[in-house]
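Content type mmCIF, C-alpha atoms and all ligand atoms, from the file work-v3.cif:
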data_upload
loop_
_atom_site.label_atom_id
_atom_site.label_comp_id
_atom_site.auth_asym_id
_atom_site.auth_seq_id
_atom_site.Cartn_x
_atom_site.Cartn_y
_atom_site.Cartn_z
CA MET U 214 -6.57 -109.16 -38.15
CA LYS U 215 -7.65 -108.93 -41.76
CA GLU U 216 -10.96 -110.66 -41.00
CA ARG U 217 -11.57 -108.37 -38.06
CA ILE U 218 -11.06 -105.33 -40.24
CA GLU U 219 -13.31 -106.70 -43.01
CA GLN U 220 -16.02 -107.43 -40.44
CA LEU U 221 -15.76 -103.88 -39.01
CA LYS U 222 -15.86 -102.39 -42.53
CA LYS U 223 -19.08 -104.26 -43.20
CA GLU U 224 -20.61 -103.06 -39.94
CA PHE U 225 -19.44 -99.51 -40.68
CA SER U 226 -21.09 -99.53 -44.13
CA GLU U 227 -24.38 -100.75 -42.69
CA ALA U 228 -24.31 -98.17 -39.90
CA LEU U 229 -23.45 -95.41 -42.41
CA ALA U 230 -26.39 -96.34 -44.64
CA ALA U 231 -28.70 -96.18 -41.61
CA ALA U 232 -27.40 -92.80 -40.36
CA ALA U 233 -30.12 -90.40 -41.55
CA THR U 234 -29.35 -87.37 -39.42
CA GLU U 235 -26.36 -85.22 -38.58
CA GLU U 236 -26.47 -86.50 -35.01
CA ALA U 237 -26.40 -90.15 -36.14
CA LEU U 238 -23.42 -89.38 -38.39
CA GLU U 239 -21.55 -87.75 -35.53
CA ALA U 240 -22.24 -90.75 -33.30
CA LEU U 241 -20.89 -93.02 -36.02
CA ARG U 242 -17.74 -90.90 -36.33
CA VAL U 243 -17.13 -91.13 -32.59
CA ALA U 244 -17.80 -94.89 -32.60
CA TYR U 245 -15.15 -95.54 -35.26
CA LEU U 246 -12.74 -92.61 -35.31
CA GLY U 247 -13.08 -91.21 -31.76
CA LYS U 248 -10.48 -91.72 -29.00
CA LYS U 249 -12.18 -94.88 -27.87
CA GLY U 250 -13.50 -95.78 -31.32
CA ALA U 251 -13.18 -99.10 -33.15
CA ILE U 252 -10.39 -97.95 -35.49
CA THR U 253 -8.40 -96.46 -32.63
CA ASP U 254 -8.78 -99.80 -30.82
CA LEU U 255 -7.44 -101.56 -33.90
CA MET U 256 -4.38 -99.29 -33.82
CA LYS U 257 -3.80 -100.11 -30.19
CA SER U 258 -4.06 -103.84 -30.84
CA LEU U 259 -1.23 -103.63 -33.40
CA ARG U 260 1.23 -104.28 -30.55
CA ASP U 261 0.17 -107.93 -30.41
CA VAL U 262 0.18 -108.51 -34.18
CA GLU U 263 3.09 -110.16 -35.98
CA ASP U 264 2.87 -108.51 -39.44
CA LYS U 265 2.62 -104.98 -38.11
CA LYS U 266 3.41 -103.38 -41.48
CA SER U 267 0.52 -104.95 -43.45
CA ALA U 268 -1.91 -104.65 -40.56
CA GLY U 269 -1.02 -101.00 -40.09
CA GLN U 270 -1.62 -100.38 -43.79
CA TRP U 271 -5.06 -102.09 -43.69
CA ILE U 272 -6.08 -100.08 -40.65
CA ASN U 273 -4.97 -96.82 -42.27
CA GLU U 274 -6.91 -97.60 -45.44
CA PHE U 275 -9.99 -98.29 -43.35
CA LYS U 276 -9.48 -95.03 -41.45
CA THR U 277 -9.16 -92.96 -44.64
CA LEU U 278 -12.23 -94.66 -46.12
CA ALA U 279 -14.29 -94.05 -42.97
CA GLU U 280 -13.28 -90.38 -42.84
CA SER U 281 -14.10 -89.65 -46.48
CA GLU U 282 -17.41 -91.56 -46.42
CA ILE U 283 -18.57 -89.77 -43.30
CA ALA U 284 -17.63 -86.39 -44.85
CA SER U 285 -19.50 -87.05 -48.08
CA ALA U 286 -22.57 -88.36 -46.20
CA ALA U 287 -22.57 -85.14 -44.12
CA ALA U 288 -22.41 -83.00 -47.28
CA ALA U 289 -25.29 -84.95 -48.85
CA LEU U 290 -27.42 -84.46 -45.72
CA LYS U 291 -26.80 -80.70 -45.76
CA ASP U 292 -27.72 -80.47 -49.43
CA ALA U 293 -30.95 -82.42 -48.88
CA ALA U 294 -31.86 -80.13 -45.97
CA ILE U 295 -31.51 -76.99 -48.16
CA LYS U 296 -33.56 -78.55 -50.96
CA ALA U 297 -36.29 -79.52 -48.49
CA GLN U 298 -36.33 -75.96 -47.15
CA ILE U 299 -36.78 -74.55 -50.64
CA ARG U 300 -39.52 -77.05 -51.42
CA SER U 301 -41.44 -76.37 -48.21
CA ALA U 302 -41.14 -72.57 -48.51
CA LYS U 303 -44.54 -71.00 -49.12
CA LYS U 304 -45.12 -68.68 -52.07
CA PHE U 305 -42.30 -66.48 -53.39
CA ASN U 306 -42.29 -63.43 -51.17
CA PRO U 307 -40.81 -60.39 -52.93
CA THR U 308 -40.96 -58.26 -49.77
CA LEU U 309 -38.26 -60.45 -48.21
CA ILE U 310 -35.87 -59.20 -50.88
CA ALA U 311 -37.08 -55.63 -50.46
CA GLU U 312 -36.35 -55.80 -46.76
CA ARG U 313 -32.78 -56.53 -47.53
CA GLU U 314 -32.25 -54.02 -50.33
CA LEU U 315 -34.54 -51.00 -50.50
CA GLY U 316 -34.84 -49.22 -53.83
CA SER U 317 -35.00 -45.46 -54.22
CA TYR U 318 -36.95 -42.91 -56.21
CA HIS U 319 -35.47 -41.49 -59.40
CA PRO U 320 -34.63 -37.78 -58.95
CA ILE U 321 -37.29 -36.86 -61.52
CA THR U 322 -39.87 -38.87 -59.58
CA LEU U 323 -38.83 -37.05 -56.40
CA CYS U 324 -39.40 -33.68 -58.08
CA THR U 325 -42.74 -34.84 -59.51
CA LYS U 326 -43.95 -36.02 -56.11
CA ASP U 327 -42.95 -32.74 -54.44
CA LEU U 328 -44.64 -30.67 -57.14
CA GLU U 329 -47.80 -32.74 -56.93
CA GLU U 330 -47.83 -32.10 -53.20
CA ILE U 331 -47.35 -28.33 -53.71
CA PHE U 332 -50.08 -28.05 -56.35
CA MET U 333 -52.52 -30.28 -54.50
CA GLY U 334 -52.16 -27.83 -51.60
CA MET U 335 -53.28 -25.07 -54.00
CA GLY U 336 -56.38 -26.94 -55.13
CA PHE U 337 -55.09 -28.52 -58.36
CA THR U 338 -56.05 -32.03 -59.46
CA ILE U 339 -53.40 -34.37 -60.89
CA GLU U 340 -54.09 -35.92 -64.25
CA ASP U 341 -52.41 -38.67 -66.20
CA TYR U 342 -52.40 -38.74 -70.00
CA ALA U 343 -51.28 -40.99 -72.85
CA GLU U 344 -47.80 -40.88 -74.35
CA ILE U 345 -49.10 -41.81 -77.80
CA VAL U 346 -51.42 -39.12 -79.11
CA GLY U 347 -52.88 -37.85 -82.36
CA ASP U 348 -51.80 -34.87 -84.46
CA TYR U 349 -54.93 -33.03 -83.30
CA GLU U 350 -54.10 -33.17 -79.59
CA CYS U 351 -50.41 -32.46 -80.00
CA PHE U 352 -50.70 -29.64 -82.52
CA GLU U 353 -54.06 -28.72 -84.08
CA ALA U 354 -55.93 -28.24 -80.80
CA LEU U 355 -53.06 -26.06 -79.61
CA ASN U 356 -53.44 -23.54 -82.39
CA ILE U 357 -50.60 -25.10 -84.42
CA PRO U 358 -52.16 -25.92 -87.79
CA LYS U 359 -50.46 -28.11 -90.37
CA HIS U 360 -47.44 -26.42 -91.98
CA HIS U 361 -47.11 -23.96 -89.08
CA PRO U 362 -43.40 -23.24 -88.52
CA ALA U 363 -43.80 -23.95 -84.78
CA ARG U 364 -43.93 -27.63 -85.72
CA ASP U 365 -40.30 -27.48 -86.84
CA MET U 366 -39.21 -27.18 -83.22
CA GLN U 367 -41.03 -30.33 -82.26
CA ASP U 368 -40.10 -33.17 -84.58
CA THR U 369 -40.99 -36.48 -83.00
CA TYR U 370 -41.41 -40.20 -83.65
CA TYR U 371 -44.40 -41.20 -85.76
CA LEU U 372 -46.28 -44.48 -85.75
CA GLU U 373 -47.38 -46.14 -88.95
CA ASN U 374 -51.02 -45.33 -88.12
CA GLY U 375 -50.27 -41.59 -88.08
CA GLN U 376 -50.18 -41.26 -84.30
CA LEU U 377 -47.10 -39.88 -82.62
CA LEU U 378 -45.17 -39.78 -79.35
CA LYS U 379 -46.22 -36.57 -77.66
CA THR U 380 -43.68 -33.76 -77.85
CA HIS U 381 -45.05 -31.85 -74.87
CA THR U 382 -47.50 -32.32 -72.04
CA SER U 383 -49.59 -29.54 -73.61
CA ALA U 384 -50.99 -32.37 -75.76
CA ALA U 385 -53.34 -33.21 -72.87
CA GLN U 386 -54.80 -29.70 -72.57
CA ASN U 387 -57.68 -30.24 -74.98
CA ALA U 388 -58.82 -33.54 -73.46
CA ILE U 389 -58.63 -32.22 -69.91
CA MET U 390 -60.65 -29.10 -70.74
CA LYS U 391 -63.26 -31.32 -72.37
CA LYS U 392 -63.28 -33.67 -69.40
CA TYR U 393 -63.73 -31.05 -66.65
CA GLY U 394 -64.88 -27.83 -68.29
CA ALA U 395 -64.40 -24.56 -66.39
CA PRO U 396 -63.48 -23.61 -63.73
CA LEU U 397 -60.44 -25.85 -63.82
CA ARG U 398 -57.17 -26.30 -61.93
CA ALA U 399 -55.11 -29.24 -63.07
CA ILE U 400 -51.50 -30.37 -63.44
CA PHE U 401 -50.45 -33.24 -65.66
CA PRO U 402 -46.88 -34.54 -65.50
CA GLY U 403 -45.71 -36.81 -68.29
CA ARG U 404 -42.97 -38.17 -70.48
CA CYS U 405 -42.30 -36.36 -73.75
CA PHE U 406 -40.29 -37.20 -76.83
CA ARG U 407 -38.46 -35.29 -79.53
CA ASN U 408 -36.38 -36.34 -82.44
CA GLU U 409 -33.30 -34.40 -81.38
CA SER U 410 -29.61 -35.03 -81.15
CA THR U 411 -28.60 -35.28 -77.53
CA ASP U 412 -26.14 -33.13 -75.60
CA ALA U 413 -25.70 -32.01 -71.98
CA CYS U 414 -29.10 -30.29 -71.97
CA HIS U 415 -31.12 -32.12 -74.65
CA GLU U 416 -32.52 -35.64 -74.63
CA ASN U 417 -34.92 -37.39 -76.98
CA THR U 418 -36.94 -38.43 -73.92
CA PHE U 419 -37.67 -36.06 -71.06
CA PHE U 420 -40.33 -35.09 -68.56
CA GLN U 421 -42.55 -32.05 -68.31
CA MET U 422 -45.33 -30.98 -66.05
CA GLU U 423 -48.14 -29.01 -67.56
CA GLY U 424 -50.53 -26.94 -65.52
CA MET U 425 -53.72 -25.08 -66.31
CA MET U 426 -55.91 -22.77 -64.35
CA ILE U 427 -59.14 -21.53 -65.90
CA ASP U 428 -61.67 -19.39 -64.10
CA GLU U 429 -63.36 -16.01 -64.22
CA ASN U 430 -60.96 -13.04 -64.08
CA ILE U 431 -57.71 -15.00 -64.31
CA SER U 432 -54.88 -12.66 -65.26
CA ILE U 433 -51.10 -12.57 -65.60
CA SER U 434 -50.91 -11.64 -61.90
CA ASN U 435 -52.37 -15.03 -61.01
CA LEU U 436 -49.87 -16.71 -63.29
CA ILE U 437 -46.90 -14.93 -61.69
CA TYR U 438 -48.16 -15.65 -58.19
CA PHE U 439 -48.52 -19.39 -58.80
CA MET U 440 -45.17 -19.68 -60.56
CA LYS U 441 -43.34 -17.87 -57.75
CA THR U 442 -45.04 -19.88 -55.04
CA MET U 443 -44.25 -23.13 -56.82
CA LEU U 444 -40.56 -22.31 -57.38
CA SER U 445 -39.86 -21.08 -53.88
CA GLN U 446 -41.45 -24.23 -52.44
CA VAL U 447 -39.73 -26.63 -54.75
CA PHE U 448 -36.23 -25.23 -54.21
CA LYS U 449 -36.83 -24.35 -50.57
CA ARG U 450 -34.86 -21.14 -51.05
CA ASP U 451 -34.99 -17.82 -52.88
CA ILE U 452 -34.52 -18.26 -56.60
CA LYS U 453 -33.78 -15.46 -59.06
CA VAL U 454 -36.24 -15.55 -61.92
CA ARG U 455 -36.84 -13.47 -65.01
CA LEU U 456 -39.88 -13.30 -67.23
CA ARG U 457 -39.42 -12.42 -70.88
CA PRO U 458 -41.71 -12.62 -73.87
CA GLY U 459 -41.84 -16.00 -75.56
CA PHE U 460 -43.79 -17.26 -78.51
CA PHE U 461 -46.00 -20.34 -78.23
CA PRO U 462 -49.03 -20.48 -80.52
CA PHE U 463 -51.29 -21.75 -77.73
CA VAL U 464 -50.78 -18.79 -75.40
CA GLU U 465 -51.17 -15.03 -75.85
CA PRO U 466 -49.26 -13.34 -74.35
CA GLY U 467 -46.59 -16.00 -73.90
CA PHE U 468 -43.58 -15.91 -71.60
CA GLU U 469 -40.35 -17.65 -70.91
CA LEU U 470 -39.77 -17.97 -67.21
CA ASP U 471 -36.04 -18.42 -66.63
CA ILE U 472 -34.23 -19.18 -63.42
CA ASN U 473 -30.67 -18.27 -62.56
CA CYS U 474 -28.53 -21.33 -63.33
CA LEU U 475 -27.90 -23.01 -60.00
CA ILE U 476 -25.02 -25.08 -61.33
CA CYS U 477 -22.73 -22.16 -62.23
CA GLY U 478 -24.47 -19.46 -60.16
CA GLY U 479 -25.20 -17.46 -63.29
CA GLU U 480 -21.67 -17.29 -64.67
CA GLY U 481 -22.32 -19.55 -67.64
CA CYS U 482 -21.68 -23.26 -68.10
CA PRO U 483 -22.58 -25.99 -70.62
CA SER U 484 -25.79 -26.79 -68.69
CA CYS U 485 -27.16 -23.29 -69.31
CA LYS U 486 -25.58 -22.87 -72.75
CA ASN U 487 -23.21 -20.35 -71.16
CA SER U 488 -26.01 -17.82 -70.63
CA GLY U 489 -26.30 -18.06 -66.85
CA TRP U 490 -30.05 -18.56 -67.22
CA LEU U 491 -32.09 -21.66 -67.75
CA GLU U 492 -35.48 -21.76 -69.43
CA LEU U 493 -37.49 -23.64 -66.88
CA CYS U 494 -41.12 -22.82 -67.23
CA PRO U 495 -42.62 -21.37 -70.40
CA CYS U 496 -46.08 -20.10 -69.70
CA GLY U 497 -48.76 -17.68 -70.77
CA MET U 498 -52.42 -16.81 -70.99
CA ILE U 499 -54.30 -19.55 -72.85
CA HIS U 500 -55.15 -18.50 -76.40
CA PRO U 501 -58.92 -18.08 -77.00
CA ASN U 502 -58.74 -20.56 -79.92
CA VAL U 503 -57.40 -23.21 -77.55
CA LEU U 504 -60.08 -22.52 -74.95
CA ARG U 505 -62.76 -22.65 -77.61
CA ASP U 506 -61.51 -25.97 -78.99
CA GLY U 507 -61.65 -27.30 -75.43
CA GLY U 508 -65.30 -26.29 -75.16
CA ILE U 509 -64.71 -23.34 -72.80
CA ASP U 510 -66.83 -20.18 -73.00
CA THR U 511 -64.24 -17.51 -73.85
CA GLU U 512 -66.64 -14.66 -72.98
CA LYS U 513 -66.75 -15.82 -69.42
CA TYR U 514 -63.43 -17.53 -68.72
CA THR U 515 -59.75 -16.87 -69.11
CA GLY U 516 -56.83 -18.97 -67.94
CA PHE U 517 -53.12 -19.47 -67.77
CA ALA U 518 -51.01 -22.50 -68.67
CA PHE U 519 -47.42 -23.48 -68.04
CA GLY U 520 -45.14 -26.28 -69.19
CA LEU U 521 -42.53 -26.88 -66.52
CA GLY U 522 -39.42 -28.76 -67.63
CA LEU U 523 -39.31 -31.45 -64.97
CA THR U 524 -36.04 -32.92 -66.18
CA ARG U 525 -34.40 -29.49 -66.15
CA LEU U 526 -35.82 -28.79 -62.73
CA ALA U 527 -34.33 -32.03 -61.39
CA MET U 528 -30.95 -31.07 -62.91
CA MET U 529 -31.02 -27.71 -61.18
CA ARG U 530 -32.29 -29.00 -57.89
CA TYR U 531 -29.69 -31.73 -57.62
CA GLY U 532 -26.84 -30.10 -59.53
CA VAL U 533 -26.76 -32.78 -62.24
CA LYS U 534 -24.66 -31.39 -65.08
CA ASP U 535 -25.60 -33.78 -67.87
CA ILE U 536 -29.21 -34.60 -68.70
CA ARG U 537 -28.13 -37.99 -70.08
CA ASP U 538 -27.17 -39.18 -66.58
CA PHE U 539 -30.86 -39.48 -65.77
CA ASN U 540 -31.37 -42.24 -68.32
CA SER U 541 -28.03 -43.88 -67.63
CA GLY U 542 -29.39 -46.68 -65.45
CA ASN U 543 -26.50 -46.03 -63.08
CA LEU U 544 -28.20 -47.01 -59.83
CA LYS U 545 -25.25 -46.01 -57.70
CA ALA U 546 -25.52 -42.43 -58.95
CA LEU U 547 -29.32 -42.26 -59.13
CA SER U 548 -30.04 -43.70 -55.69
CA GLN U 549 -28.24 -40.95 -53.77
CA PHE U 550 -31.00 -38.32 -54.13
CA LYS U 551 -33.55 -37.41 -51.51
CA SER U 552 -36.47 -35.05 -51.31
CA LEU U 553 -35.32 -31.57 -50.20
N1 LIG O 1 -45.42 -27.06 -74.65
C1 LIG O 1 -44.34 -26.10 -74.72
C2 LIG O 1 -43.05 -26.84 -75.12
O1 LIG O 1 -42.84 -27.93 -74.76
C3 LIG O 1 -44.15 -25.45 -73.41
C4 LIG O 1 -45.25 -24.54 -72.99
C5 LIG O 1 -45.19 -23.20 -73.30
C6 LIG O 1 -46.34 -25.01 -72.27
C7 LIG O 1 -46.16 -22.33 -72.89
C8 LIG O 1 -47.35 -24.16 -71.88
C9 LIG O 1 -47.24 -22.79 -72.19
O2 LIG O 1 -48.43 -24.55 -71.20
O3 LIG O 1 -48.21 -21.97 -71.77
O4 LIG O 1 -42.25 -26.24 -75.79
#
Is it possible to give me this structure as structure tokens?
Amino acid sequence: MKERIEQLKKEFSEALAAAATEEALEALRVAYLGKKGAITDLMKSLRDVEDKKSAGQWINEFKTLAESEIASAAAALKDAAIKAQIRSAKKFNPTLIAERELGSYHPITLCTKDLEEIFMGMGFTIEDYAEIVGDYECFEALNIPKHHPARDMQDTYYLENGQLLKTHTSAAQNAIMKKYGAPLRAIFPGRCFRNESTDACHENTFFQMEGMMIDENISISNLIYFMKTMLSQVFKRDIKVRLRPGFFPFVEPGFELDINCLICGGEGCPSCKNSGWLELCPCGMIHPNVLRDGGIDTEKYTGFAFGLGLTRLAMMRYGVKDIRDFNSGNLKALSQFKSL
């Protein structure tokens, strides 16, 4: 009996080494461990053996060995198959991942895209501009000379070479006037920075969208018309607005365009500093000094400009109470927004 078992073990090992596929392994399992398999036959032949106890033990050991070796050979085959698949895969295809898990636009991006659409429909071009600018673009060219108190409101981050992170999108006005001349209709959304302590309605990094329209006979009426059209389209409903005088050195006259706080309905909440109103879009008629610095003939042309607070707009549109949520990186919260 012992010799028979040893002989079968040897044959089993050889057959196992030769089994290169899952099918071959299964055939081997049936041949040894199946109902009519070699090991089962050995069990049956125990009847005619004298030392049943030892023989039974040898057969059981063989059975356990065969089972575990077949199982580990099957696992090794599976592993090799996966590795081969990875090796033979063509180039990394990022769209396969995207198909499984689609990303979403940030609420500020959604607002920007909608506004671009609205202004393109009114004949405006969309411009992009640097985030790092010089003192001239950010202040001097906007009628804010050195030591002007208006600079106190706009402390920012300075580079060692004297350049700075732009505090407002108005910093692109000069370059865009020089690039296109008059007549001009352009909007330029961008990221802005201020050295400020943060709270529910202030961040050191935020987004604005600047707009300019320069042509013959442009007046405050044109400004009001474009602002109203833009706001009614962006909120897709009637919005209460108020226009009050505001001081910005680069416009004369200058206005603050406020909208009724949509979070509290005008009753007062932390998002609107308890006033019920939110400054959304300061604007005004471009100061002649600014036009002149941009190379525009002030005898012939006038224009209006506005600096829409994109981050504020997104807060109002989506009812986000705390500005800091936008930079939170909380994808679960940020991915729930859609275009209106
Ligand atoms: N740049 C100003 C700020 O960030 C906002 C502003 C006011 C822009 C009036 C304008 C404007 O174009 O006409 O505080």
Atomic distance atom CA of Cys324 of chain U - atom CA of Tyr531 of chain U, expressed in Å with one decimal: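 Calculated distance between atom CA of Cys324 of chain U and atom CA of Tyr531 of chain U is 9.9 Å.
Using all atoms listed in the file, the contacts of segment 505-508 of chain U at a cut-off of 7 Å, with sequence neighbours closer than 3 positions omitted, comprise Ala354, Asn387, Met390, Lys391, Pro501, Asn502 and Thr511 of chain U.
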Which of U:Val262, U:Ile431, U:Ile283, U:Met214 sits closest to Leu238 of chain U [using all atoms listed in the file]: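 Looking at the shortest contact to Leu238 of chain U, the residue is U:Ile283.
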Cut-off 7 Å, all atoms listed in the file, neighbours of ligand LIG 1 (chain O) as a list of chain:residue names: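 Residues lying within 7 Å of ligand LIG 1 (chain O): U:Thr380, U:His381, U:Thr382, U:Ser383, U:Glu423, U:Gly424, U:Phe461, U:Phe463, U:Val464, U:Gly467, U:Pro495, U:Cys496, U:Gly497, U:Met498, U:Ile499, U:Phe517, U:Ala518, U:Phe519, U:Gly520.
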Okay, now the selection with C-alpha atoms, as a JSON list (two decimals), in the coordinates of the input?
[["chain", "number", "residue", "atom", "x", "y", "z"],
["U", 380, "THR", "CA", -43.68, -33.76, -77.85],
["U", 381, "HIS", "CA", -45.05, -31.85, -74.87],
["U", 382, "THR", "CA", -47.50, -32.32, -72.04],
["U", 383, "SER", "CA", -49.59, -29.54, -73.61],
["U", 423, "GLU", "CA", -48.14, -29.01, -67.56],
["U", 424, "GLY", "CA", -50.53, -26.94, -65.52],
["U", 461, "PHE", "CA", -46.00, -20.34, -78.23],
["U", 463, "PHE", "CA", -51.29, -21.75, -77.73],
["U", 464, "VAL", "CA", -50.78, -18.79, -75.40],
["U", 467, "GLY", "CA", -46.59, -16.00, -73.90],
["U", 495, "PRO", "CA", -42.62, -21.37, -70.40],
["U", 496, "CYS", "CA", -46.08, -20.10, -69.70],
["U", 497, "GLY", "CA", -48.76, -17.68, -70.77],
["U", 498, "MET", "CA", -52.42, -16.81, -70.99],
["U", 499, "ILE", "CA", -54.30, -19.55, -72.85],
["U", 517, "PHE", "CA", -53.12, -19.47, -67.77],
["U", 518, "ALA", "CA", -51.01, -22.50, -68.67],
["U", 519, "PHE", "CA", -47.42, -23.48, -68.04],
["U", 520, "GLY", "CA", -45.14, -26.28, -69.19]]
d(atom CA of Leu436 of chain U, atom CA of Tyr393 of chain U) in Å: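 If I compute the distance from atom CA of Leu436 of chain U to atom CA of Tyr393 of chain U, I get 20.2 Å.
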Neighbours of point (-55.1, -34.4, -81.3) within 10 Å, using only C-alpha atoms, written as an MDAnalysis selection string: chainID U and resid 346:355 376:377 379 384:388
Protein/DNA/RNA residues near (-11.3, -99.7, -33.8), cut 10 Å, all atoms listed in the file, as an MDAnalysis selection string: chainID U and resid 217:218 221 244:258 272 275:276
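Here the question is which of U:Ile299, U:Ile321, U:Cys474, U:Ala268 gets nearest to Phe419 of chain U using only C-alpha atoms, and that residue is U:Ile321.
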Gap from atom CA of Leu504 of chain U to atom CA of Glu465 of chain U - Å, one decimal: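 Calculated distance between atom CA of Leu504 of chain U and atom CA of Glu465 of chain U is 11.7 Å.
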Within 8 Å of Asn417 of chain U using all atoms listed in the file, minus same-chain residues under 3 positions, as a list in words: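 After dropping sequence-adjacent residues, the list is Phe406, Arg407, Asn408, Glu409, Ser410 and Thr411 of chain U.
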Could you save the residues just selected, with C-alpha atoms, as a PDB file, in the coordinates of the input?
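Result written to selection.pdb:
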ATOM      1  CA  PHE U 406     -40.290 -37.200 -76.830  1.00  0.00           C
ATOM      2  CA  ARG U 407     -38.460 -35.290 -79.530  1.00  0.00           C
ATOM      3  CA  ASN U 408     -36.380 -36.340 -82.440  1.00  0.00           C
ATOM      4  CA  GLU U 409     -33.300 -34.400 -81.380  1.00  0.00           C
ATOM      5  CA  SER U 410     -29.610 -35.030 -81.150  1.00  0.00           C
ATOM      6  CA  THR U 411     -28.600 -35.280 -77.530  1.00  0.00           C
TER       7      THR U 411
END
Residue neighbourhood Asp538 of chain U, 12 Å, all atoms listed in the file, exclusion window fewer than 5 positions, as a list of chain:residue names: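 Once the nearby chain positions are removed, what remains is U:His319, U:Pro320, U:Ile321, U:Thr411, U:Asp412, U:Ala413, U:Cys414, U:His415, U:Glu416, U:Phe419, U:Thr524, U:Ala527, U:Met528, U:Tyr531, U:Gly532, U:Val533, U:Asn543, U:Leu544, U:Lys545, U:Ala546, U:Leu547.
Using only C-alpha atoms, the smallest distance between any of U:Gln446, U:Ser548, U:Ser484, U:Ser226 and Leu278 of chain U comes from U:Ser226.
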Top pick for closest residue to Met425 of chain U, considering U:Gly516, U:Pro483, U:Pro458, U:Gly542 and counting all atoms listed in the file: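 Nearest to Met425 of chain U: U:Gly516.
Compared by their closest atoms to Ile427 of chain U, and using only C-alpha atoms, the residues U:Glu239, U:Glu219, U:Asp264, U:Asp510 rank with U:Asp510 nearest.
Among the candidates U:Leu328, U:Leu229, U:Tyr342, U:Leu526, the one nearest to Ser285 of chain U when counting only C-alpha atoms is U:Leu229.
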Return the padded bounding box of segment 497-515 of chain U as AutoDock Vina command-line options: axis-aligned, built from all atoms listed in the file, 5 Å added on each side, with centre and edge lengths in Å to one decimal.
--center_x -57.8 --center_y -21.0 --center_z -74.3 --size_x 28.1 --size_y 22.6 --size_z 21.2
Selection: 8 Å around Leu491 of chain U, only C-alpha atoms, excl. self and same-chain fewer than 4 positions, as number ranges by chain: U: 471-474, 485
Can you save segment 546-550 of chain U of the given block to a file, including all heavy atoms and formatted as a CSV table (one decimal), in the first residue's frame?
chain,number,residue,atom,x,y,z
U,546,ALA,N,-19.7,68.2,-0.7
U,546,ALA,CA,-20.5,69.5,-0.7
U,546,ALA,C,-20.4,70.2,-2.0
U,546,ALA,O,-21.4,70.6,-2.5
U,546,ALA,CB,-20.0,70.4,0.5
U,547,LEU,N,-19.2,70.3,-2.6
U,547,LEU,CA,-19.0,71.1,-3.8
U,547,LEU,C,-19.6,70.5,-5.0
U,547,LEU,O,-19.9,71.2,-6.0
U,547,LEU,CB,-17.5,71.4,-4.0
U,547,LEU,CG,-16.9,72.3,-2.9
U,547,LEU,CD1,-15.4,72.4,-3.1
U,547,LEU,CD2,-17.5,73.7,-2.9
U,548,SER,N,-19.8,69.2,-5.0
U,548,SER,CA,-20.2,68.5,-6.3
U,548,SER,C,-21.7,68.5,-6.5
U,548,SER,O,-22.2,68.0,-7.4
U,548,SER,CB,-19.7,67.1,-6.3
U,548,SER,OG,-20.2,66.4,-5.3
U,549,GLN,N,-22.5,69.1,-5.5
U,549,GLN,CA,-23.9,69.0,-5.6
U,549,GLN,C,-24.5,70.2,-6.4
U,549,GLN,O,-25.7,70.2,-6.6
U,549,GLN,CB,-24.5,69.0,-4.2
U,549,GLN,CG,-24.2,70.3,-3.4
U,549,GLN,CD,-24.6,70.2,-2.0
U,549,GLN,OE1,-25.7,69.8,-1.7
U,549,GLN,NE2,-23.7,70.5,-1.1
U,550,PHE,N,-23.7,71.1,-6.9
U,550,PHE,CA,-24.3,72.3,-7.6
U,550,PHE,C,-24.4,72.1,-9.1
U,550,PHE,O,-23.6,71.4,-9.7
U,550,PHE,CB,-23.4,73.5,-7.3
U,550,PHE,CG,-23.3,73.8,-5.8
U,550,PHE,CD1,-22.2,73.5,-5.1
U,550,PHE,CD2,-24.4,74.3,-5.1
U,550,PHE,CE1,-22.1,73.7,-3.7
U,550,PHE,CE2,-24.4,74.5,-3.8
U,550,PHE,CZ,-23.2,74.2,-3.1
